[in-house]
Amino acid sequence: MRLAILFLAIPLSALAQGRSATELRVADTHPQIDSLVRAKRWKELAALTDGLRSGDPSDSNVLYWSGISHLQLHEPVAAVQALRAAEKVGLNSALSHEGLGLAYYDLNQFGLFEEQMKKAAALDPRDAKPDYYLGLYRWTIRSDVGGALAYFEKAIVLQPDDWKSLYQAGNCEEQLGKLTEAKARYAQAIALLDKNGARFGWPYQGMARLLTDEDAKAALGFATKAVTLEPDEASNHFVLANVYQQLGNLPEATREFEIAVAKNPNDSKTRYALYKLYRQANDPRAAKELEAFGQIKALYDKD
């Protein structure tokens with residue numbers, strides 16, 4: 001899974017939940033919009049707001065929710081058009097700039113993305129989301145781990161109970177070799193997730209990675225939890241497979257690597273790990289898996 005997808009998937013519902021008093025006026029003027037937003041029925045919302053726009057192109061709230069609905073539907077061109085139109089008729093809120101920034105991100109217009117996030121941060125200095133988004137951008141697009149960590153730390157100061165920022169800060173610290181600090185961040189995020197029951201498996205995966213060599217039995221619990229929370233994420237199965245392998249449970253390790261391959265067939269690392277287990281078990285599928293690994297390596301890992 002591309003981290004860019006994660007980047008867009010995490011925050012968008014927050015735009016529908018953390019509305020300002022100005023944007024909440026839509027509930028009074030268009031209660032159907034409010035109902036569709038709360039139900040997250042984005043396709044119906046897009047159709048409704050697009051129709052309302054044609055009747056009154058100056059209603060900034062309708063334009064805003066048109067933009068957000070198209071953003072949720074991964075239609076960034078339409079989202080930009082609606083949000084820019086809202087801006088032209090006077091909408092100037094942190095949330096509108098965040099939405100426009102995310103639409104620009106989806107279009108690979110990263111300079112415009114940064115510009116919009118900085119506008120959002122200036123309009124609402126208490127909002128942690130712009131720093132969170134900028135941190136993800138620095139990490140996933142710029143590969144600037146130190147710069148990303150600085151943004152995540154700013155987001156944590158603004159919102160100490162945000163498990164996503166805590167996880168991402170820990171992930172950066174793990175990449176920088178600050179393993180003790182990373183473990184503490186993951187533990188904070190896990191405590192918050194255990195308390196509120198949100199389905200976000202990455203901190204459990206991170207803790208499992210750090211514990212696999214030193215305490216594989218403890219790592220198993222965290223890795224299993226990550227899979228339970230997000231079973232469609234291939235990397236969760238990869239980490240769980242590594243834990244099983246460390247514990248000497250090769251059948252379960254093989255099964256988890258197979259699931260990871262099925263969910264992300266183009267990951268050469270997983271293919272090679274599965275090949276080695278097949279070879280160790282004298283499984284005739286080893287040759288085919290090695291061939292697949294070689295093809296993927298040649299295609300994607302040209303460096």
# chains A, B, ... in the order shown; residues from 1 in each chain; ligands from 1
>>> residues_around(residues="Gly206 in chain A", least_positions_apart="2", cutoff="10 Å", atoms="only C-alpha atoms", output="list in words")
Tyr167, Gln168, Gly170, Asn171, Glu174, Ala182, Lys183, Arg185, Tyr186, Ala187, Gly201, Trp202, Pro203, Tyr204, Ala208, Arg209, Leu210, Leu211, Ala219, Phe222, Ala223, Ala226, Asn236 and Val239 of chain A
>>> select_by_dssp(residues="range 61-213 of chain A", states="alpha helix (DSSP H)", output="JSON, numbers by chain")
{"A": [61, 62, 63, 64, 65, 66, 67, 68, 69, 70, 71, 72, 76, 77, 78, 79, 80, 81, 82, 83, 84, 85, 86, 87, 88, 94, 95, 96, 97, 98, 99, 100, 101, 102, 103, 104, 105, 106, 110, 111, 112, 113, 114, 115, 116, 117, 118, 119, 120, 121, 122, 123, 129, 130, 131, 132, 133, 134, 135, 136, 137, 138, 139, 140, 145, 146, 147, 148, 149, 150, 151, 152, 153, 154, 155, 156, 157, 158, 163, 164, 165, 166, 167, 168, 169, 170, 171, 172, 173, 174, 175, 179, 180, 181, 182, 183, 184, 185, 186, 187, 188, 189, 190, 191, 192, 193, 194, 195, 196, 202, 203, 204, 205, 206, 207, 208, 209, 210, 211]}
>>> residues_around(residues="range 123-133 of chain A", least_positions_apart="2", cutoff="6 Å", atoms="only C-alpha atoms", output="number ranges by chain")
A: 94, 117, 120-121, 135-136, 151-152, 155, 158
>>> closest_residue(among="A:Ser268, A:Ala103, A:Leu48, A:Lys40", to="Gly67 in chain A", atoms="only C-alpha atoms")
A:Ala103
>>> residues_around(residues="range 56-60 of chain A", least_positions_apart="5", cutoff="9 Å", atoms="only C-alpha atoms", output="list in words")
Glu23, Trp65, Leu83, Ala85, Ala86, Glu87, Lys88, Val89, Gly90 and Leu91 of chain A
>>> write_last_selection(atoms="N, CA, C and O atoms", output="PDB file, in the first residue's frame")
ATOM      1  N   GLU A  23     -19.136  26.822   9.178  1.00  0.00           N
ATOM      2  CA  GLU A  23     -19.496  25.735   8.270  1.00  0.00           C
ATOM      3  C   GLU A  23     -20.725  24.974   8.759  1.00  0.00           C
ATOM      4  O   GLU A  23     -21.457  24.389   7.959  1.00  0.00           O
ATOM      5  N   TRP A  65     -18.868  21.632   0.769  1.00  0.00           N
ATOM      6  CA  TRP A  65     -19.215  20.218   0.906  1.00  0.00           C
ATOM      7  C   TRP A  65     -19.194  19.492  -0.433  1.00  0.00           C
ATOM      8  O   TRP A  65     -18.961  18.283  -0.478  1.00  0.00           O
ATOM      9  N   LEU A  83     -13.679  23.772  -4.208  1.00  0.00           N
ATOM     10  CA  LEU A  83     -13.080  24.482  -3.080  1.00  0.00           C
ATOM     11  C   LEU A  83     -12.491  25.826  -3.499  1.00  0.00           C
ATOM     12  O   LEU A  83     -12.543  26.801  -2.742  1.00  0.00           O
ATOM     13  N   ALA A  85     -13.769  27.598  -5.916  1.00  0.00           N
ATOM     14  CA  ALA A  85     -14.963  28.425  -6.103  1.00  0.00           C
ATOM     15  C   ALA A  85     -15.462  28.950  -4.758  1.00  0.00           C
ATOM     16  O   ALA A  85     -15.877  30.115  -4.640  1.00  0.00           O
ATOM     17  N   ALA A  86     -15.412  28.105  -3.715  1.00  0.00           N
ATOM     18  CA  ALA A  86     -15.814  28.540  -2.381  1.00  0.00           C
ATOM     19  C   ALA A  86     -14.908  29.653  -1.874  1.00  0.00           C
ATOM     20  O   ALA A  86     -15.369  30.627  -1.249  1.00  0.00           O
ATOM     21  N   GLU A  87     -13.630  29.520  -2.154  1.00  0.00           N
ATOM     22  CA  GLU A  87     -12.664  30.551  -1.744  1.00  0.00           C
ATOM     23  C   GLU A  87     -12.960  31.879  -2.443  1.00  0.00           C
ATOM     24  O   GLU A  87     -12.906  32.951  -1.827  1.00  0.00           O
ATOM     25  N   LYS A  88     -13.329  31.828  -3.711  1.00  0.00           N
ATOM     26  CA  LYS A  88     -13.587  33.045  -4.479  1.00  0.00           C
ATOM     27  C   LYS A  88     -14.813  33.793  -3.984  1.00  0.00           C
ATOM     28  O   LYS A  88     -14.907  35.019  -4.143  1.00  0.00           O
ATOM     29  N   VAL A  89     -15.767  33.062  -3.377  1.00  0.00           N
ATOM     30  CA  VAL A  89     -16.963  33.744  -2.864  1.00  0.00           C
ATOM     31  C   VAL A  89     -16.841  34.044  -1.370  1.00  0.00           C
ATOM     32  O   VAL A  89     -17.821  34.391  -0.724  1.00  0.00           O
ATOM     33  N   GLY A  90     -15.649  33.887  -0.821  1.00  0.00           N
ATOM     34  CA  GLY A  90     -15.409  34.376   0.526  1.00  0.00           C
ATOM     35  C   GLY A  90     -15.087  33.371   1.599  1.00  0.00           C
ATOM     36  O   GLY A  90     -14.797  33.762   2.741  1.00  0.00           O
ATOM     37  N   LEU A  91     -15.118  32.058   1.325  1.00  0.00           N
ATOM     38  CA  LEU A  91     -14.813  31.077   2.362  1.00  0.00           C
ATOM     39  C   LEU A  91     -13.303  31.068   2.614  1.00  0.00           C
ATOM     40  O   LEU A  91     -12.508  30.861   1.693  1.00  0.00           O
TER      41      LEU A  91
END
>>> residues_around(residues="Cys172 in chain A", least_positions_apart="5", cutoff="10 Å", atoms="only C-alpha atoms", output="MDAnalysis selection string")
chainID A and resid 135 139 144:150 152 167 177:179 181:182
>>> write_last_selection(atoms="all heavy atoms", output="mmCIF file, in the first residue's frame")
data_model
loop_
_atom_site.group_PDB
_atom_site.id
_atom_site.type_symbol
_atom_site.label_atom_id
_atom_site.label_comp_id
_atom_site.auth_asym_id
_atom_site.auth_seq_id
_atom_site.Cartn_x
_atom_site.Cartn_y
_atom_site.Cartn_z
ATOM 1 N N GLY A 135 3.899 16.622 8.081
ATOM 2 C CA GLY A 135 4.838 15.586 8.503
ATOM 3 C C GLY A 135 4.768 14.363 7.614
ATOM 4 O O GLY A 135 5.798 13.817 7.190
ATOM 5 N N TRP A 139 7.699 12.820 5.125
ATOM 6 C CA TRP A 139 8.156 11.435 5.271
ATOM 7 C C TRP A 139 7.912 10.625 4.000
ATOM 8 O O TRP A 139 8.805 9.968 3.489
ATOM 9 C CB TRP A 139 7.449 10.820 6.470
ATOM 10 C CG TRP A 139 7.570 9.331 6.633
ATOM 11 C CD1 TRP A 139 6.557 8.465 6.833
ATOM 12 C CD2 TRP A 139 8.752 8.531 6.625
ATOM 13 N NE1 TRP A 139 7.016 7.180 6.952
ATOM 14 C CE2 TRP A 139 8.366 7.187 6.825
ATOM 15 C CE3 TRP A 139 10.101 8.808 6.458
ATOM 16 C CZ2 TRP A 139 9.281 6.134 6.874
ATOM 17 C CZ3 TRP A 139 11.016 7.754 6.501
ATOM 18 C CH2 TRP A 139 10.593 6.451 6.710
ATOM 19 N N ASP A 144 12.275 12.903 4.165
ATOM 20 C CA ASP A 144 12.969 13.746 5.137
ATOM 21 C C ASP A 144 12.481 13.340 6.526
ATOM 22 O O ASP A 144 11.532 13.910 7.065
ATOM 23 C CB ASP A 144 12.654 15.218 4.834
ATOM 24 C CG ASP A 144 13.262 16.180 5.855
ATOM 25 O OD1 ASP A 144 14.047 15.727 6.708
ATOM 26 O OD2 ASP A 144 12.927 17.385 5.793
ATOM 27 N N VAL A 145 13.147 12.342 7.100
ATOM 28 C CA VAL A 145 12.675 11.781 8.364
ATOM 29 C C VAL A 145 12.765 12.802 9.498
ATOM 30 O O VAL A 145 11.834 12.959 10.285
ATOM 31 C CB VAL A 145 13.458 10.504 8.720
ATOM 32 C CG1 VAL A 145 12.940 9.896 10.015
ATOM 33 C CG2 VAL A 145 13.359 9.488 7.588
ATOM 34 N N GLY A 146 13.885 13.521 9.552
ATOM 35 C CA GLY A 146 14.051 14.513 10.602
ATOM 36 C C GLY A 146 13.038 15.638 10.497
ATOM 37 O O GLY A 146 12.460 16.076 11.503
ATOM 38 N N GLY A 147 12.809 16.120 9.268
ATOM 39 C CA GLY A 147 11.820 17.170 9.060
ATOM 40 C C GLY A 147 10.425 16.698 9.389
ATOM 41 O O GLY A 147 9.614 17.437 9.968
ATOM 42 N N ALA A 148 10.116 15.456 9.029
ATOM 43 C CA ALA A 148 8.803 14.887 9.346
ATOM 44 C C ALA A 148 8.605 14.800 10.849
ATOM 45 O O ALA A 148 7.546 15.156 11.378
ATOM 46 C CB ALA A 148 8.659 13.508 8.713
ATOM 47 N N LEU A 149 9.631 14.329 11.557
ATOM 48 C CA LEU A 149 9.537 14.190 13.012
ATOM 49 C C LEU A 149 9.262 15.537 13.673
ATOM 50 O O LEU A 149 8.461 15.625 14.611
ATOM 51 C CB LEU A 149 10.832 13.582 13.567
ATOM 52 C CG LEU A 149 10.901 13.399 15.081
ATOM 53 C CD1 LEU A 149 9.764 12.519 15.577
ATOM 54 C CD2 LEU A 149 12.256 12.812 15.485
ATOM 55 N N ALA A 150 9.881 16.607 13.173
ATOM 56 C CA ALA A 150 9.656 17.938 13.746
ATOM 57 C C ALA A 150 8.189 18.335 13.621
ATOM 58 O O ALA A 150 7.601 18.892 14.562
ATOM 59 C CB ALA A 150 10.556 18.957 13.062
ATOM 60 N N PHE A 152 5.588 16.219 13.293
ATOM 61 C CA PHE A 152 4.778 15.350 14.151
ATOM 62 C C PHE A 152 4.868 15.776 15.613
ATOM 63 O O PHE A 152 3.874 15.733 16.346
ATOM 64 C CB PHE A 152 5.192 13.894 13.995
ATOM 65 C CG PHE A 152 4.870 13.306 12.651
ATOM 66 C CD1 PHE A 152 5.816 12.588 11.937
ATOM 67 C CD2 PHE A 152 3.620 13.486 12.081
ATOM 68 C CE1 PHE A 152 5.519 12.049 10.699
ATOM 69 C CE2 PHE A 152 3.315 12.951 10.844
ATOM 70 C CZ PHE A 152 4.277 12.232 10.148
ATOM 71 N N TYR A 167 2.100 7.671 16.634
ATOM 72 C CA TYR A 167 2.660 6.561 15.862
ATOM 73 C C TYR A 167 3.684 7.058 14.851
ATOM 74 O O TYR A 167 4.785 6.500 14.726
ATOM 75 C CB TYR A 167 1.578 5.780 15.119
ATOM 76 C CG TYR A 167 2.184 4.925 14.038
ATOM 77 C CD1 TYR A 167 2.924 3.785 14.366
ATOM 78 C CD2 TYR A 167 2.139 5.306 12.693
ATOM 79 C CE1 TYR A 167 3.549 3.031 13.393
ATOM 80 C CE2 TYR A 167 2.768 4.556 11.718
ATOM 81 C CZ TYR A 167 3.468 3.420 12.071
ATOM 82 O OH TYR A 167 4.117 2.697 11.108
ATOM 83 N N GLY A 177 16.933 5.254 14.337
ATOM 84 C CA GLY A 177 17.664 4.421 15.285
ATOM 85 C C GLY A 177 17.412 4.758 16.736
ATOM 86 O O GLY A 177 18.096 4.233 17.627
ATOM 87 N N LYS A 178 16.436 5.602 17.009
ATOM 88 C CA LYS A 178 16.094 5.973 18.384
ATOM 89 C C LYS A 178 15.023 5.002 18.890
ATOM 90 O O LYS A 178 13.852 5.354 19.054
ATOM 91 C CB LYS A 178 15.599 7.416 18.436
ATOM 92 C CG LYS A 178 16.617 8.435 17.961
ATOM 93 C CD LYS A 178 16.047 9.850 18.008
ATOM 94 C CE LYS A 178 17.063 10.888 17.574
ATOM 95 N NZ LYS A 178 16.507 12.273 17.636
ATOM 96 N N LEU A 179 15.427 3.786 19.148
ATOM 97 C CA LEU A 179 14.465 2.722 19.398
ATOM 98 C C LEU A 179 13.754 2.850 20.739
ATOM 99 O O LEU A 179 12.573 2.507 20.851
ATOM 100 C CB LEU A 179 15.168 1.364 19.287
ATOM 101 C CG LEU A 179 15.862 1.090 17.941
ATOM 102 C CD1 LEU A 179 16.372 -0.348 17.890
ATOM 103 C CD2 LEU A 179 14.944 1.383 16.772
ATOM 104 N N GLU A 181 13.022 5.656 22.266
ATOM 105 C CA GLU A 181 12.024 6.715 22.079
ATOM 106 C C GLU A 181 10.852 6.224 21.236
ATOM 107 O O GLU A 181 9.690 6.536 21.523
ATOM 108 C CB GLU A 181 12.667 7.942 21.428
ATOM 109 C CG GLU A 181 13.697 8.652 22.291
ATOM 110 C CD GLU A 181 15.103 8.098 22.113
ATOM 111 O OE1 GLU A 181 15.235 6.930 21.638
ATOM 112 O OE2 GLU A 181 16.056 8.813 22.450
ATOM 113 N N ALA A 182 11.168 5.448 20.196
ATOM 114 C CA ALA A 182 10.110 4.917 19.330
ATOM 115 C C ALA A 182 9.173 4.009 20.116
ATOM 116 O O ALA A 182 7.941 4.083 19.986
ATOM 117 C CB ALA A 182 10.719 4.159 18.157
#
